[in-house]
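Coordinates as given in model_13.cif (mmCIF, C-alpha atoms (C1' of nucleotides)):
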data_coords
#
loop_
_atom_site.group_PDB
_atom_site.id
_atom_site.type_symbol
_atom_site.label_atom_id
_atom_site.label_comp_id
_atom_site.auth_asym_id
_atom_site.auth_seq_id
_atom_site.Cartn_x
_atom_site.Cartn_y
_atom_site.Cartn_z
ATOM 1 C CA MET A 35 0.000 0.000 0.000
ATOM 2 C CA PRO A 36 1.835 3.008 -1.270
ATOM 3 C CA GLU A 37 1.548 5.955 1.029
ATOM 4 C CA GLN A 38 0.565 8.929 -1.005
ATOM 5 C CA LYS A 39 0.647 11.301 1.919
ATOM 6 C CA PRO A 40 3.204 13.966 1.155
ATOM 7 C CA LYS A 41 2.966 15.306 4.680
ATOM 8 C CA GLN A 42 6.167 13.851 5.932
ATOM 9 C CA PRO A 43 7.207 15.204 9.276
ATOM 10 C CA PRO A 44 10.452 17.093 9.446
ATOM 11 C CA ALA A 45 12.613 17.111 12.510
ATOM 12 C CA GLY A 46 10.722 17.863 15.677
ATOM 13 C CA ARG A 47 7.033 17.584 16.230
ATOM 14 C CA ALA A 48 4.563 18.113 13.470
ATOM 15 C CA VAL A 49 1.549 18.303 15.693
ATOM 16 C CA VAL A 50 -1.104 20.786 14.827
ATOM 17 C CA PHE A 51 -3.940 21.154 17.245
ATOM 18 C CA GLU A 52 -7.437 21.094 15.929
ATOM 19 C CA SER A 53 -10.692 21.266 17.779
ATOM 20 C CA PRO A 54 -13.502 18.846 17.015
ATOM 21 C CA THR A 55 -15.466 21.771 15.682
ATOM 22 C CA GLY A 56 -12.922 22.311 12.977
ATOM 23 C CA GLU A 57 -10.869 25.043 14.543
ATOM 24 C CA THR A 58 -7.332 24.449 13.477
ATOM 25 C CA SER A 59 -4.282 26.009 14.949
ATOM 26 C CA THR A 60 -1.077 27.025 13.355
ATOM 27 C CA PRO A 61 2.160 25.266 14.196
ATOM 28 C CA GLU A 62 3.188 28.432 15.996
ATOM 29 C CA LEU A 63 0.093 28.381 18.156
ATOM 30 C CA ASP A 64 0.602 24.701 18.714
ATOM 31 C CA ASP A 65 4.081 25.477 19.916
ATOM 32 C CA VAL A 66 2.845 28.123 22.319
ATOM 33 C CA VAL A 67 0.200 25.852 23.732
ATOM 34 C CA MET A 68 2.681 23.083 24.310
ATOM 35 C CA ASP A 69 4.985 25.557 25.950
ATOM 36 C CA VAL A 70 2.282 26.791 28.282
ATOM 37 C CA ILE A 71 1.234 23.276 29.118
ATOM 38 C CA GLY A 72 4.809 22.518 29.975
ATOM 39 C CA ARG A 73 4.867 25.473 32.328
ATOM 40 C CA ILE A 74 1.668 25.001 34.242
ATOM 41 C CA ALA A 75 0.907 21.319 33.945
ATOM 42 C CA ASP A 76 2.147 20.078 37.214
ATOM 43 C CA LYS A 77 0.419 19.369 40.462
ATOM 44 C CA TRP A 78 1.662 22.293 42.474
ATOM 45 C CA THR A 79 1.337 24.894 39.783
ATOM 46 C CA MET A 80 -2.250 23.931 39.136
ATOM 47 C CA CYS A 81 -3.068 23.955 42.811
ATOM 48 C CA VAL A 82 -1.488 27.328 43.404
ATOM 49 C CA LEU A 83 -3.251 28.826 40.415
ATOM 50 C CA GLU A 84 -6.581 27.612 41.658
ATOM 51 C CA VAL A 85 -5.983 28.752 45.191
ATOM 52 C CA LEU A 86 -5.173 32.207 43.938
ATOM 53 C CA ALA A 87 -8.075 32.194 41.519
ATOM 54 C CA GLN A 88 -10.437 31.562 44.377
ATOM 55 C CA ASN A 89 -8.999 33.631 47.151
ATOM 56 C CA GLY A 90 -7.513 36.584 45.399
ATOM 57 C CA VAL A 91 -4.621 38.123 47.299
ATOM 58 C CA LEU A 92 -2.786 35.704 49.544
ATOM 59 C CA ARG A 93 0.354 35.600 51.599
ATOM 60 C CA PHE A 94 3.035 32.956 51.221
ATOM 61 C CA THR A 95 2.184 30.824 54.206
ATOM 62 C CA ARG A 96 -1.502 31.086 53.533
ATOM 63 C CA ILE A 97 -1.062 29.651 50.076
ATOM 64 C CA GLY A 98 0.887 26.789 51.528
ATOM 65 C CA ASP A 99 -1.880 26.078 54.013
ATOM 66 C CA LEU A 100 -4.555 26.139 51.355
ATOM 67 C CA VAL A 101 -2.629 23.937 48.979
ATOM 68 C CA GLY A 102 -1.937 21.502 51.750
ATOM 69 C CA SER A 103 1.108 19.271 51.595
ATOM 70 C CA ILE A 104 3.483 21.393 49.572
ATOM 71 C CA SER A 105 7.015 22.005 50.773
ATOM 72 C CA GLN A 106 8.314 25.550 51.098
ATOM 73 C CA ARG A 107 10.869 24.767 48.491
ATOM 74 C CA MET A 108 8.268 23.786 45.928
ATOM 75 C CA LEU A 109 5.948 26.591 46.888
ATOM 76 C CA THR A 110 8.706 29.115 46.385
ATOM 77 C CA LYS A 111 9.796 27.624 43.091
ATOM 78 C CA THR A 112 6.253 27.392 41.837
ATOM 79 C CA LEU A 113 5.387 30.953 42.753
ATOM 80 C CA ARG A 114 8.591 32.345 41.301
ATOM 81 C CA GLN A 115 8.008 30.518 38.068
ATOM 82 C CA LEU A 116 4.442 31.743 37.870
ATOM 83 C CA GLU A 117 5.651 35.246 38.515
ATOM 84 C CA GLU A 118 8.338 34.992 35.882
ATOM 85 C CA ASP A 119 5.806 33.705 33.395
ATOM 86 C CA GLY A 120 3.440 36.547 34.074
ATOM 87 C CA PHE A 121 0.659 34.608 35.736
ATOM 88 C CA VAL A 122 1.214 35.940 39.225
ATOM 89 C CA ILE A 123 2.150 39.242 40.788
ATOM 90 C CA ARG A 124 4.415 39.208 43.807
ATOM 91 C CA THR A 125 4.353 42.153 46.157
ATOM 92 C CA VAL A 126 6.885 42.536 48.938
ATOM 93 C CA TYR A 127 6.129 44.825 51.840
ATOM 94 C CA PRO A 128 9.249 46.141 53.563
ATOM 95 C CA GLU A 129 8.092 45.281 57.020
ATOM 96 C CA VAL A 130 9.292 43.270 59.951
ATOM 97 C CA PRO A 131 8.288 40.545 59.963
ATOM 98 C CA PRO A 132 8.247 40.442 56.198
ATOM 99 C CA ARG A 133 4.986 40.207 54.331
ATOM 100 C CA VAL A 134 4.693 39.050 50.750
ATOM 101 C CA GLU A 135 1.437 38.937 48.882
ATOM 102 C CA TYR A 136 0.584 37.085 45.734
ATOM 103 C CA GLN A 137 -2.223 37.539 43.257
ATOM 104 C CA LEU A 138 -3.083 36.468 39.764
ATOM 105 C CA THR A 139 -2.468 38.729 36.821
ATOM 106 C CA GLU A 140 -5.067 39.190 34.127
ATOM 107 C CA LEU A 141 -3.287 36.526 32.155
ATOM 108 C CA GLY A 142 -3.434 34.202 35.125
ATOM 109 C CA HIS A 143 -7.132 34.736 35.574
ATOM 110 C CA SER A 144 -7.856 34.190 31.919
ATOM 111 C CA LEU A 145 -5.887 30.979 31.985
ATOM 112 C CA CYS A 146 -7.912 29.647 34.866
ATOM 113 C CA ALA A 147 -11.033 30.597 33.002
ATOM 114 C CA ALA A 148 -9.844 28.694 29.956
ATOM 115 C CA PHE A 149 -9.374 25.618 32.051
ATOM 116 C CA CYS A 150 -12.951 25.808 33.146
ATOM 117 C CA GLY A 151 -13.873 23.574 30.220
ATOM 118 C CA VAL A 152 -11.762 20.841 31.683
ATOM 119 C CA TRP A 153 -13.542 20.949 35.028
ATOM 120 C CA LEU A 154 -16.858 20.774 33.275
ATOM 121 C CA TRP A 155 -15.642 17.889 31.204
ATOM 122 C CA ALA A 156 -14.449 16.131 34.336
ATOM 123 C CA GLU A 157 -17.783 16.699 35.980
ATOM 124 C CA LYS A 158 -19.635 15.292 33.024
ATOM 125 C CA HIS A 159 -17.458 12.191 32.892
ATOM 126 C CA TYR A 160 -17.024 11.918 36.608
ATOM 127 C CA ASP A 161 -18.110 8.305 36.804
ATOM 128 C CA GLN A 162 -15.635 7.090 34.245
ATOM 129 C CA LEU A 163 -12.854 9.230 35.608
ATOM 130 C CA GLN A 164 -13.099 8.398 39.253
ATOM 131 C CA SER A 165 -13.078 4.726 38.406
ATOM 132 C CA LEU A 166 -9.832 4.947 36.489
ATOM 133 C CA PRO A 167 -7.096 2.634 37.673
ATOM 134 C CA LYS A 168 -5.424 4.212 40.630
ATOM 135 C CA LYS A 169 -2.042 5.480 39.757
ATOM 136 C CA ALA A 170 -0.699 8.206 41.956
ATOM 137 C CA ARG A 171 -3.913 8.703 43.841
ATOM 138 C CA SER A 172 -3.404 9.450 47.485
ATOM 139 C CA ALA A 173 -3.439 6.097 49.147
ATOM 140 C CA MET B 117 3.679 2.512 66.241
ATOM 141 C CA PRO B 118 5.495 4.878 68.592
ATOM 142 C CA GLU B 119 6.271 7.095 65.702
ATOM 143 C CA GLN B 120 4.593 10.389 66.228
ATOM 144 C CA LYS B 121 3.442 12.344 63.276
ATOM 145 C CA PRO B 122 1.918 15.450 64.717
ATOM 146 C CA LYS B 123 0.334 16.840 61.643
ATOM 147 C CA GLN B 124 0.119 14.674 58.600
ATOM 148 C CA PRO B 125 -2.955 15.890 56.808
ATOM 149 C CA PRO B 126 -4.625 13.237 54.641
ATOM 150 C CA ALA B 127 -1.688 13.637 52.294
ATOM 151 C CA GLY B 128 -3.913 16.337 51.162
ATOM 152 C CA ARG B 129 -4.618 19.481 49.423
ATOM 153 C CA ALA B 130 -7.518 21.633 50.366
ATOM 154 C CA VAL B 131 -7.969 23.088 46.937
ATOM 155 C CA VAL B 132 -11.399 23.421 45.503
ATOM 156 C CA PHE B 133 -11.647 24.506 41.906
ATOM 157 C CA GLU B 134 -13.930 27.294 41.019
ATOM 158 C CA SER B 135 -14.477 28.988 37.713
ATOM 159 C CA PRO B 136 -14.442 32.762 37.456
ATOM 160 C CA THR B 137 -18.105 32.617 36.576
ATOM 161 C CA GLY B 138 -18.860 31.166 39.953
ATOM 162 C CA GLU B 139 -19.016 27.498 39.096
ATOM 163 C CA THR B 140 -17.645 25.699 42.071
ATOM 164 C CA SER B 141 -16.534 22.132 42.170
ATOM 165 C CA THR B 142 -16.693 19.622 44.944
ATOM 166 C CA PRO B 143 -13.540 18.345 46.566
ATOM 167 C CA GLU B 144 -14.248 15.045 44.862
ATOM 168 C CA LEU B 145 -14.388 16.664 41.461
ATOM 169 C CA ASP B 146 -11.310 18.623 42.313
ATOM 170 C CA ASP B 147 -9.593 15.373 43.126
ATOM 171 C CA VAL B 148 -10.618 13.838 39.827
ATOM 172 C CA VAL B 149 -9.468 16.845 37.858
ATOM 173 C CA MET B 150 -6.099 16.824 39.537
ATOM 174 C CA ASP B 151 -5.834 13.137 38.878
ATOM 175 C CA VAL B 152 -6.599 13.576 35.206
ATOM 176 C CA ILE B 153 -4.198 16.464 34.910
ATOM 177 C CA GLY B 154 -1.546 14.282 36.437
ATOM 178 C CA ARG B 155 -2.224 11.642 33.840
ATOM 179 C CA ILE B 156 -2.292 13.665 30.663
ATOM 180 C CA ALA B 157 -0.316 16.787 31.445
ATOM 181 C CA ASP B 158 2.971 15.920 29.918
ATOM 182 C CA LYS B 159 4.493 16.732 26.613
ATOM 183 C CA TRP B 160 4.202 13.352 24.963
ATOM 184 C CA THR B 161 0.745 12.519 26.197
ATOM 185 C CA MET B 162 -0.620 15.799 24.925
ATOM 186 C CA CYS B 163 1.061 15.367 21.573
ATOM 187 C CA VAL B 164 -0.167 11.840 21.118
ATOM 188 C CA LEU B 165 -3.690 12.810 22.063
ATOM 189 C CA GLU B 166 -3.701 15.600 19.536
ATOM 190 C CA VAL B 167 -2.203 13.473 16.800
ATOM 191 C CA LEU B 168 -4.901 10.890 17.327
ATOM 192 C CA ALA B 169 -7.595 13.522 17.568
ATOM 193 C CA GLN B 170 -6.647 14.820 14.169
ATOM 194 C CA ASN B 171 -5.808 11.699 12.273
ATOM 195 C CA GLY B 172 -8.158 9.124 13.700
ATOM 196 C CA VAL B 173 -6.797 5.600 13.456
ATOM 197 C CA LEU B 174 -3.036 5.383 13.391
ATOM 198 C CA ARG B 175 -0.348 2.763 13.601
ATOM 199 C CA PHE B 176 2.467 2.828 16.118
ATOM 200 C CA THR B 177 5.227 4.060 13.878
ATOM 201 C CA ARG B 178 2.971 6.593 12.220
ATOM 202 C CA ILE B 179 2.192 8.184 15.547
ATOM 203 C CA GLY B 180 5.867 8.398 16.293
ATOM 204 C CA ASP B 181 6.488 10.113 12.969
ATOM 205 C CA LEU B 182 3.717 12.604 13.511
ATOM 206 C CA VAL B 183 4.763 13.425 17.024
ATOM 207 C CA GLY B 184 8.315 13.857 15.902
ATOM 208 C CA SER B 185 11.125 13.396 18.349
ATOM 209 C CA ILE B 186 9.664 10.843 20.693
ATOM 210 C CA SER B 187 11.536 7.705 21.600
ATOM 211 C CA GLN B 188 9.909 4.318 21.124
ATOM 212 C CA ARG B 189 10.155 3.768 24.799
ATOM 213 C CA MET B 190 8.158 6.874 25.623
ATOM 214 C CA LEU B 191 5.725 6.299 22.809
ATOM 215 C CA THR B 192 4.978 2.848 24.100
ATOM 216 C CA LYS B 193 4.642 3.998 27.668
ATOM 217 C CA THR B 194 2.463 6.914 26.709
ATOM 218 C CA LEU B 195 0.141 4.841 24.573
ATOM 219 C CA ARG B 196 -0.175 2.102 27.144
ATOM 220 C CA GLN B 197 -1.015 4.590 29.825
ATOM 221 C CA LEU B 198 -3.605 6.248 27.639
ATOM 222 C CA GLU B 199 -5.071 2.871 26.870
ATOM 223 C CA GLU B 200 -5.161 1.898 30.526
ATOM 224 C CA ASP B 201 -6.842 5.175 31.370
ATOM 225 C CA GLY B 202 -9.506 4.681 28.745
ATOM 226 C CA PHE B 203 -8.510 7.469 26.389
ATOM 227 C CA VAL B 204 -7.203 5.248 23.625
ATOM 228 C CA ILE B 205 -8.144 1.938 22.081
ATOM 229 C CA ARG B 206 -5.362 -0.382 21.021
ATOM 230 C CA THR B 207 -6.080 -2.962 18.382
ATOM 231 C CA VAL B 208 -3.594 -5.698 17.586
ATOM 232 C CA TYR B 209 -3.842 -7.530 14.276
ATOM 233 C CA PRO B 210 -2.326 -10.995 14.407
ATOM 234 C CA GLU B 211 -0.301 -10.585 11.279
ATOM 235 C CA VAL B 212 3.306 -10.794 10.225
ATOM 236 C CA PRO B 213 4.700 -8.247 10.355
ATOM 237 C CA PRO B 214 2.586 -7.135 13.267
ATOM 238 C CA ARG B 215 0.183 -4.269 12.914
ATOM 239 C CA VAL B 216 -1.194 -2.312 15.836
ATOM 240 C CA GLU B 217 -3.678 0.479 15.452
ATOM 241 C CA TYR B 218 -4.577 3.182 17.927
ATOM 242 C CA GLN B 219 -7.576 5.432 18.120
ATOM 243 C CA LEU B 220 -9.225 7.692 20.643
ATOM 244 C CA THR B 221 -12.164 6.528 22.687
ATOM 245 C CA GLU B 222 -15.180 8.701 23.179
ATOM 246 C CA LEU B 223 -13.653 9.834 26.433
ATOM 247 C CA GLY B 224 -10.450 10.711 24.654
ATOM 248 C CA HIS B 225 -12.252 12.754 22.073
ATOM 249 C CA SER B 226 -14.263 14.603 24.656
ATOM 250 C CA LEU B 227 -11.124 15.406 26.587
ATOM 251 C CA CYS B 228 -9.519 16.926 23.524
ATOM 252 C CA ALA B 229 -12.667 18.923 22.977
ATOM 253 C CA ALA B 230 -12.510 20.202 26.537
ATOM 254 C CA PHE B 231 -9.008 21.435 25.960
ATOM 255 C CA CYS B 232 -10.196 23.477 23.042
ATOM 256 C CA GLY B 233 -10.718 26.389 25.405
ATOM 257 C CA VAL B 234 -7.035 26.390 26.171
ATOM 258 C CA TRP B 235 -6.051 26.662 22.506
ATOM 259 C CA LEU B 236 -8.436 29.540 22.075
ATOM 260 C CA TRP B 237 -7.052 31.193 25.152
ATOM 261 C CA ALA B 238 -3.524 30.715 23.839
ATOM 262 C CA GLU B 239 -4.520 32.192 20.518
ATOM 263 C CA LYS B 240 -6.052 35.214 22.177
ATOM 264 C CA HIS B 241 -3.012 35.832 24.326
ATOM 265 C CA TYR B 242 -0.519 34.719 21.746
ATOM 266 C CA ASP B 243 1.588 37.836 21.948
ATOM 267 C CA GLN B 244 2.105 37.643 25.671
ATOM 268 C CA LEU B 245 2.667 33.911 25.589
ATOM 269 C CA GLN B 246 5.176 33.675 22.810
ATOM 270 C CA SER B 247 7.237 36.345 24.468
ATOM 271 C CA LEU B 248 7.497 34.488 27.753
ATOM 272 C CA PRO B 249 11.019 33.855 28.957
ATOM 273 C CA LYS B 250 12.307 30.832 27.155
ATOM 274 C CA LYS B 251 12.584 27.935 29.459
ATOM 275 C CA ALA B 252 12.466 24.549 27.849
ATOM 276 C CA ARG B 253 11.540 25.736 24.414
ATOM 277 C CA SER B 254 13.064 23.383 21.893
ATOM 278 C CA ALA B 255 12.125 24.935 18.593
ATOM 279 C "C1'" DC C 126 6.720 -3.569 12.551
ATOM 280 C "C1'" DA C 127 5.984 -3.068 17.316
ATOM 281 C "C1'" DG C 128 7.570 -3.662 21.069
ATOM 282 C "C1'" DA C 129 10.561 -5.374 25.511
ATOM 283 C "C1'" DA C 130 14.748 -5.000 28.051
ATOM 284 C "C1'" DT C 131 18.840 -2.697 29.596
ATOM 285 C "C1'" DC C 132 21.973 1.038 30.811
ATOM 286 C "C1'" DC C 133 22.540 5.347 32.631
ATOM 287 C "C1'" DC C 134 22.200 10.126 33.405
ATOM 288 C "C1'" DT C 135 19.434 14.136 34.815
ATOM 289 C "C1'" DG C 136 16.524 16.825 37.682
ATOM 290 C "C1'" DC C 137 12.325 16.880 40.402
ATOM 291 C "C1'" DG C 138 11.126 17.283 44.692
ATOM 292 C "C1'" DG C 139 11.013 16.012 49.852
ATOM 293 C "C1'" DA C 140 13.390 16.825 54.317
ATOM 294 C "C1'" DT C 141 16.170 19.565 56.961
ATOM 295 C "C1'" DA C 142 18.820 23.497 58.592
ATOM 296 C "C1'" DC C 143 19.891 28.293 58.501
ATOM 297 C "C1'" DT C 144 18.835 33.653 57.941
ATOM 298 C "C1'" DG C 145 17.159 38.636 57.579
ATOM 299 C "C1'" DC D 54 7.321 35.330 58.190
ATOM 300 C "C1'" DA D 55 9.349 34.229 53.975
ATOM 301 C "C1'" DG D 56 12.373 32.660 52.220
ATOM 302 C "C1'" DT D 57 17.608 30.372 50.818
ATOM 303 C "C1'" DA D 58 20.920 26.563 50.869
ATOM 304 C "C1'" DT D 59 22.128 21.744 51.013
ATOM 305 C "C1'" DC D 60 21.783 16.854 50.868
ATOM 306 C "C1'" DC D 61 19.919 13.093 48.497
ATOM 307 C "C1'" DG D 62 16.627 9.373 46.851
ATOM 308 C "C1'" DC D 63 14.385 8.038 42.957
ATOM 309 C "C1'" DA D 64 11.617 8.306 39.025
ATOM 310 C "C1'" DG D 65 11.537 10.185 34.074
ATOM 311 C "C1'" DG D 66 13.195 9.520 29.968
ATOM 312 C "C1'" DG D 67 16.909 9.165 26.100
ATOM 313 C "C1'" DA D 68 19.939 5.864 23.523
ATOM 314 C "C1'" DT D 69 20.772 1.364 22.387
ATOM 315 C "C1'" DT D 70 20.069 -3.560 21.703
ATOM 316 C "C1'" DC D 71 17.306 -7.705 21.096
ATOM 317 C "C1'" DT D 72 13.063 -10.387 19.454
ATOM 318 C "C1'" DG D 73 8.494 -12.533 17.657
#

Once more with this new file: its structure as structure tokens, please.
Amino acid sequence: MPEQKPKQPPAGRAVVFESPTGETSTPELDDVVMDVIGRIADKWTMCVLEVLAQNGVLRFTRIGDLVGSISQRMLTKTLRQLEEDGFVIRTVYPEVPPRVEYQLTELGHSLCAAFCGVWLWAEKHYDQLQSLPKKARSA
Amino acid sequence: MPEQKPKQPPAGRAVVFESPTGETSTPELDDVVMDVIGRIADKWTMCVLEVLAQNGVLRFTRIGDLVGSISQRMLTKTLRQLEEDGFVIRTVYPEVPPRVEYQLTELGHSLCAAFCGVWLWAEKHYDQLQSLPKKARSA
DNA sequence: CAGAATCCCTGCGGATACTG
DNA sequence: CAGTATCCGCAGGGATTCTG
């Protein structure tokens, strides 16, 4: 069976995102999306984003409490990365004891809003999802 | 067990997702979402999902070509995990040479659809996003 | 062709200790 | 309070080799 498809992938990915409704993305957009996913798609980042999305302005320790079992190290790294990427604003008050407040930027808020579709999807398919084979689920 | 663990919360977060429009989730839903994120939120999984979403039924090697620079090891692992999690169907044809075809399940398709909001968000904020500090960008 | 198995290196991330 | 610095285990993942 001779493959007539001329679309041979060059070096690197050749993925182009396309929505079921026919919305296609450009390779550049695809690249950006993958990049963003790579930045935010980890447990702590997601948790911190959501905590901030819900509570607005929060201090360092407070975020840690709300997230739960995150180490200071990871909380710091996560927040700094989010700040560097423009999703979070960090405000330091020159006081003693020190006070540092964090809040989402517009970009951060819009990102959380975009993810809303995933929550809704999860809700809709809750039965199937919660019965998935346990993998890293808290024992 | 004489070992004293003063505060060991249920290995837990206290995060509850809530959309900007006021849609709140239950802790259970939150848990499921985090679980799903943990399953799919990595470079290769996302790529493979998208490749399958676009092209429908694909063979092993073809997926690898479309994704680009993925190793066989990771491709296998990724596909098996997706299969185990119910996002992909794996069909083996008892032939020589062997032929194995992959395709998304309904759940897989719906997940990709849910992520559509993220592509749209990325498109809208393309300027800000593509100018983020390079981190692990690999062309 | 579609993988399984192996080697091996990297870095994520937890725990702990110290500081302004 | 809000970090920084350090040690370190271990899992992720690339490259390579073997096989039905």

Test item: chain A residues at most 9 Å from chain D, counting all atoms listed in the file, as JSON, numbers by chain: {"A": [94, 95, 106, 107, 110, 130, 131, 132, 133, 134]}

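Here the PyMOL selection byres ((chain C and resi 132-141) around 8) matches the residues Ser105 and Met108 of chain A; DT131 and DA142 of chain C.
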
Spatial neighbours of segment 199-205 of chain B, 10 Å, only C-alpha atoms (C1' of nucleotides), chain gap at least 2 places, as a ChimeraX atom specification: /A:162-163,165-169 /B:152,155-156,164-165,168,173,193-197,207-208,217-228

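Coordinates place atom CA of Trp153 of chain A at a distance of 9.1 Å from atom CA of Val148 of chain B.
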
Residue hits in chain C, query chain B, radius 9 Å, all atoms listed in the file, as a VMD selection string: chain C and resid 126 to 128

Between atom CA of Glu157 of chain A and atom CA of Leu145 of chain B - distance in Å to one decimal: 6.4 Å

Give the padded box for segment 140-144 of chain C as AutoDock Vina command-line options: axis-aligned, covering all atoms listed in the file, 5 Å on each side, centre and edge lengths in Å to one decimal.
--center_x 16.6 --center_y 25.2 --center_z 56.5 --size_x 16.5 --size_y 26.8 --size_z 14.3

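The spacing separating atom CA of Phe231 of chain B from atom CA of Tyr160 of chain A amounts to 16.4 Å.
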